[in-house]
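Listing of model.txt; format and content: compact mmCIF, C-alpha atoms.
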# COMPACT_ATOMS: atom_id res chain seq x y z
CA GLU J 159 106.37 106.85 121.02
CA HIS J 160 107.18 109.59 123.56
CA ASN J 161 103.45 110.15 124.26
CA MET J 162 102.79 106.41 124.46
CA ILE J 163 105.50 106.00 127.11
CA SER J 164 104.28 109.06 129.04
CA ASN J 165 100.54 108.35 128.78
CA ASN J 166 100.94 104.72 129.84
CA HIS J 167 103.50 105.49 132.58
CA LEU J 168 106.03 103.09 131.00
CA TYR J 169 109.01 104.55 132.81
CA LEU J 170 110.40 104.53 136.32
CA PRO J 171 110.05 107.77 138.27
CA PRO J 172 113.16 109.30 139.83
CA PRO J 173 114.34 107.52 142.98
CA LEU J 174 113.04 108.96 146.23
CA THR J 175 116.24 110.01 147.95
CA ARG J 176 117.18 112.69 150.43
CA GLU J 177 118.69 114.66 147.54
CA LEU J 178 115.39 114.83 145.61
CA LEU J 179 113.79 118.17 146.40
CA ARG J 180 110.19 119.17 145.74
CA LYS J 181 111.35 121.92 143.38
CA ASP J 182 113.34 119.33 141.35
CA VAL J 183 110.66 116.64 141.00
CA GLU J 184 109.17 117.87 137.72
CA GLU J 185 112.60 118.19 136.11
CA LYS J 186 113.70 114.76 137.39
CA HIS J 187 110.49 113.16 136.06
CA ALA J 188 111.16 114.74 132.66
CA GLU J 189 114.72 113.36 132.71
CA ALA J 190 113.39 109.88 133.60
CA LEU J 191 110.92 110.08 130.70
CA ILE J 192 113.65 111.12 128.24
CA SER J 193 115.89 108.29 129.48
CA ALA J 194 113.04 105.79 129.00
CA GLN J 195 112.45 107.09 125.48
CA GLU J 196 116.15 106.71 124.62
CA SER J 197 116.18 103.15 126.01
CA TYR J 198 112.98 102.35 124.12
CA VAL J 199 114.55 103.39 120.82
CA ALA J 200 117.96 101.81 121.57
CA MET J 201 116.40 98.45 122.49
CA GLY J 202 114.03 98.32 119.52
CA CYS J 203 110.98 97.90 121.73
CA SER J 204 108.42 98.06 118.93
CA ASN J 205 108.85 94.40 118.03
CA LYS J 206 105.79 92.89 116.38
CA THR J 207 104.37 89.45 117.02
CA ALA J 208 101.74 87.59 115.02
CA GLY J 209 98.31 87.59 116.62
CA ASP J 210 95.69 84.83 116.55
CA ASP J 211 93.71 86.58 113.83
CA ASP J 212 96.77 87.02 111.58
CA ASN J 213 96.90 90.73 112.41
CA GLU J 214 100.14 91.92 113.91
CA LEU J 215 100.16 93.05 117.52
CA GLU J 216 102.74 95.49 118.76
CA ASP J 217 104.72 94.18 121.71
CA ARG J 218 106.33 97.25 123.22
CA SER J 219 107.78 95.62 126.31
CA PRO J 220 111.58 95.56 126.23
CA CYS J 221 111.62 92.48 128.47
CA ILE J 222 111.65 88.79 127.60
CA VAL J 223 110.46 88.14 131.15
CA SER J 224 109.89 90.22 134.30
CA TRP J 225 108.38 90.16 137.74
CA ILE J 226 108.42 92.22 140.92
CA ALA J 227 107.49 91.12 144.43
CA THR J 228 104.34 92.33 146.19
CA PRO J 229 102.79 94.64 147.09
CA GLY J 230 101.45 94.99 143.58
CA GLY J 231 103.36 92.11 142.03
CA TYR J 232 104.22 88.47 142.64
CA GLY J 233 103.32 86.88 145.95
CA ALA J 234 105.33 84.11 147.61
CA PRO J 235 103.73 81.24 145.60
CA GLN J 236 104.30 83.00 142.26
CA ILE J 237 107.95 83.78 143.09
CA SER J 238 108.61 80.16 144.11
CA HIS J 239 106.91 78.85 140.96
CA PHE J 240 108.87 81.20 138.68
CA MET J 241 112.23 80.41 140.28
CA ASP J 242 111.56 76.63 140.38
CA ARG J 243 110.43 76.55 136.75
CA HIS J 244 113.39 78.43 135.30
CA SER J 245 115.87 76.73 137.63
CA LYS J 246 114.67 73.31 136.43
CA ASN J 247 115.29 74.51 132.85
CA SER J 248 118.95 75.04 133.79
CA GLY J 249 119.38 71.62 135.38
CA VAL J 250 121.17 73.24 138.34
CA PRO J 251 119.34 72.89 141.69
CA ILE J 252 118.65 75.94 143.86
CA ARG J 253 120.95 75.90 146.91
CA GLY J 254 120.36 78.16 149.90
CA TRP J 255 117.67 80.45 148.44
CA LYS J 256 113.98 80.64 149.28
CA THR J 257 110.94 82.87 149.16
CA GLU J 258 110.57 84.91 152.33
CA ASN J 259 107.27 86.39 153.43
CA GLN J 260 107.75 88.71 156.37
CA LEU J 261 104.96 90.73 157.92
CA ALA J 262 107.13 93.24 159.77
CA GLU J 263 105.50 95.12 162.62
CA GLY J 264 102.21 93.44 161.78
CA TRP J 265 101.61 95.37 158.56
CA GLY J 266 104.68 95.58 156.32
CA ASN J 267 104.21 93.02 153.54
CA LYS J 268 107.85 92.13 152.78
CA ILE J 269 108.06 89.35 150.24
CA GLY J 270 111.21 88.47 148.34
CA TRP J 271 113.73 85.91 147.11
CA VAL J 272 116.43 85.66 149.80
CA ALA J 273 119.61 83.75 150.51
CA THR J 274 119.50 81.62 153.66
CA GLN J 275 123.17 80.57 153.82
CA SER J 276 126.64 81.62 152.71
CA ASP J 277 127.61 80.81 149.13
CA ALA J 278 123.98 80.27 148.15
CA THR J 279 123.43 79.84 144.40
CA PHE J 280 120.68 79.60 141.83
CA THR J 281 120.72 79.44 138.04
CA LEU J 282 117.85 80.41 135.76
CA GLN J 283 117.63 79.45 132.11
CA PHE J 284 115.37 81.04 129.48
CA ASP J 285 114.97 79.07 126.27
CA HIS J 286 113.47 80.23 122.97
CA ILE J 287 113.62 83.93 123.74
CA GLU J 288 111.48 86.08 121.45
CA LYS J 289 113.50 89.32 121.64
CA ASP J 290 117.11 90.35 121.43
CA VAL J 291 118.66 90.93 124.86
CA ASN J 292 121.01 93.88 125.43
CA SER J 293 120.77 94.16 129.21
CA VAL J 294 119.35 92.56 132.35
CA THR J 295 118.04 94.71 135.20
CA VAL J 296 118.00 93.43 138.78
CA PHE J 297 115.95 95.19 141.47
CA TYR J 298 117.20 94.41 144.96
CA LEU J 299 116.84 95.44 148.58
CA ARG J 300 119.76 96.89 150.50
CA SER J 301 119.23 96.98 154.25
CA TYR J 302 120.99 97.06 157.63
CA GLY J 303 121.52 94.86 160.65
CA GLU J 304 123.20 91.54 161.38
CA LYS J 305 121.26 89.65 158.70
CA TRP J 306 122.67 91.96 156.00
CA ASP J 307 126.19 92.40 157.33
CA LYS J 308 128.86 91.52 154.71
CA SER J 309 126.18 90.28 152.30
CA ASN J 310 127.09 90.33 148.63
CA ALA J 311 125.49 88.82 145.53
CA ARG J 312 127.17 88.11 142.21
CA PHE J 313 124.98 88.11 139.11
CA THR J 314 126.28 86.52 135.92
CA VAL J 315 124.49 86.45 132.57
CA SER J 316 125.73 83.89 130.07
CA LYS J 317 124.58 82.24 126.86
CA PHE J 318 125.35 79.05 125.03
CA ASP J 319 127.42 79.74 121.93
CA GLU J 320 127.38 77.79 118.67
CA ASN J 321 129.66 75.13 120.25
CA ASN J 322 127.21 74.75 123.16
CA SER J 323 129.79 76.33 125.48
CA ASP J 324 128.80 78.72 128.24
CA LYS J 325 129.88 82.27 127.31
CA VAL J 326 129.73 84.99 130.01
CA MET J 327 128.05 88.13 128.66
CA SER J 328 127.98 90.28 131.83
CA THR J 329 128.68 90.05 135.55
CA CYS J 330 128.43 92.32 138.59
CA ASP J 331 128.64 92.18 142.38
CA ILE J 332 125.98 93.87 144.51
CA ALA J 333 126.46 94.62 148.20
CA GLY J 334 123.39 93.98 150.33
CA VAL J 335 124.25 96.05 153.39
CA SER J 336 123.24 99.69 153.75
CA GLU J 337 125.42 102.16 155.62
CA ASP J 338 122.31 103.97 156.85
CA ARG J 339 119.67 102.54 159.15
CA HIS J 340 117.03 102.13 156.47
CA SER J 341 116.08 99.72 153.71
CA LEU J 342 116.22 100.88 150.13
CA THR J 343 115.14 99.23 146.87
CA LEU J 344 117.72 99.83 144.14
CA SER J 345 118.36 98.57 140.63
CA GLN J 346 121.43 97.43 138.74
CA GLU J 347 121.61 97.13 134.97
CA LEU J 348 123.93 94.50 133.51
CA LYS J 349 124.88 95.49 129.96
CA MET J 350 125.66 92.59 127.66
CA SER J 351 129.11 92.50 126.00
CA ALA J 352 127.20 91.74 122.78
CA THR J 353 123.52 91.41 121.92
CA ILE J 354 122.02 87.99 122.69
CA ARG J 355 119.98 87.30 119.57
CA LYS J 356 116.51 85.78 119.66
Encoded form (structure tokens):
Amino acid sequence: EHNMISNNHLYLPPPLTRELLRKDVEEKHAEALISAQESYVAMGCSNKTAGDDDNELEDRSPCIVSWIATPGGYGAPQISHFMDRHSKNSGVPIRGWKTENQLAEGWGNKIGWVATQSDATFTLQFDHIEKDVNSVTVFYLRSYGEKWDKSNARFTVSKFDENNSDKVMSTCDIAGVSEDRHSLTLSQELKMSATIRK
């Protein structure tokens, strides 16, 4: 499994920060690989699903669903479609969020899901999940300037219990403003208080 993760680059490299030195890169990559391997084992990522020809296919993705904005991922139409589809599943309308496509300085392709007003909300619902869920990871942009000043987002993961009541499994607040004059993509993992079973 270690070689499969390494050979297929199924792990995130160390963050590019001012503290990352050229002499440390190899060691930090090794640490990231070990961390990915530990997560892979802890999350039981070698789930098997039945294939069309009755042979079993190995599904090694730990995610029930995932996407990342372009470059290299979802464009504005795909983000809007994904958010609309899973928001409609929840029955709660999106309020004050939209897809933003900003070509900064004529070349920077900045596409994302952004709040357009205070107290903006959206709710996504995923039915018939095919894997147990132990955590949810959110990748977000932290930036500077008036648009980002005092921005904060609260993420809450909940599930319906056997009584069809909403049970909160994890929550966290993420500040959107950066103290430096640069934009940085970061991630936040929300650990579930208990495994959400498939």
| remark: Of J:Ser323, J:Val272, J:Ser328, J:Val294, the one nearest to Ser309 of chain J when counting only C-alpha atoms is J:Val272
| In Å, with one decimal, what is the gap from atom CA of Thr295 of chain J to atom CA of Trp271 of chain J? | 15.4 Å
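The space between atom CA of Gln195 of chain J and atom CA of Thr343 of chain J spans 22.9 Å.
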| field | Contacts of Glu258 of chain J within 8 Å, all atoms listed in the file, excl. fewer than 2 positions in-chain, as a PyMOL selection string | value | chain J and resi 234+256+260+268-272
| request: Measure the distance from atom CA of Arg243 of chain J to atom CA of Thr281 of chain J in Å and round it to one decimal. | output: 10.8 Å
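Taking only C-alpha atoms into account, Ser219 of chain J lies nearest to J:Ala194 out of the set J:Met241, J:Ala194, J:Ile252, J:Leu299.
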| request: Please provide the set of residues having any atom within 6 Å of Gln283 of chain J, restricted to only C-alpha atoms, with same-chain residues fewer than 6 positions apart removed, written as JSON, numbers by chain. | output: {"J": [244, 247, 248]}
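With only the atoms specified (all atoms listed in the file) counting, those residues at most 10 Å away from (106.5, 85.4, 141.6) are Ser224, Trp225, Ile226, Ala227, Thr228, Gly231, Tyr232, Gly233, Ala234, Pro235, Gln236, Ile237, Ser238, His239, Phe240, Met241, Thr257, Ile269, Gly270 and Trp271 of chain J.
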| task | Do a neighbour search on Arg339 of chain J at 10 Å with all atoms listed in the file, toss out local chain neighbours closer than 6 positions, and write the hits as number ranges by chain. | result | J: 301-303
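Residues surrounding Glu189 of chain J within 12 Å are Ser164, Tyr169, Leu170, Pro171, Pro172, Pro173, Asp182, Val183, Glu184, Glu185, Lys186, Ile192, Ser193, Ala194, Gln195 and Glu196 of chain J [only C-alpha atoms; sequence separation below 3 positions excluded].
The closest residue to Ile354 of chain J, picked from J:Ala278, J:Ala333, J:Ala190, J:Val315 and counting all atoms listed in the file, is J:Val315.
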| Counting all atoms listed in the file, the residue of J:Glu320, J:Asp307, J:Asp331, J:Glu288 that sits nearest Glu347 of chain J | J:Asp331
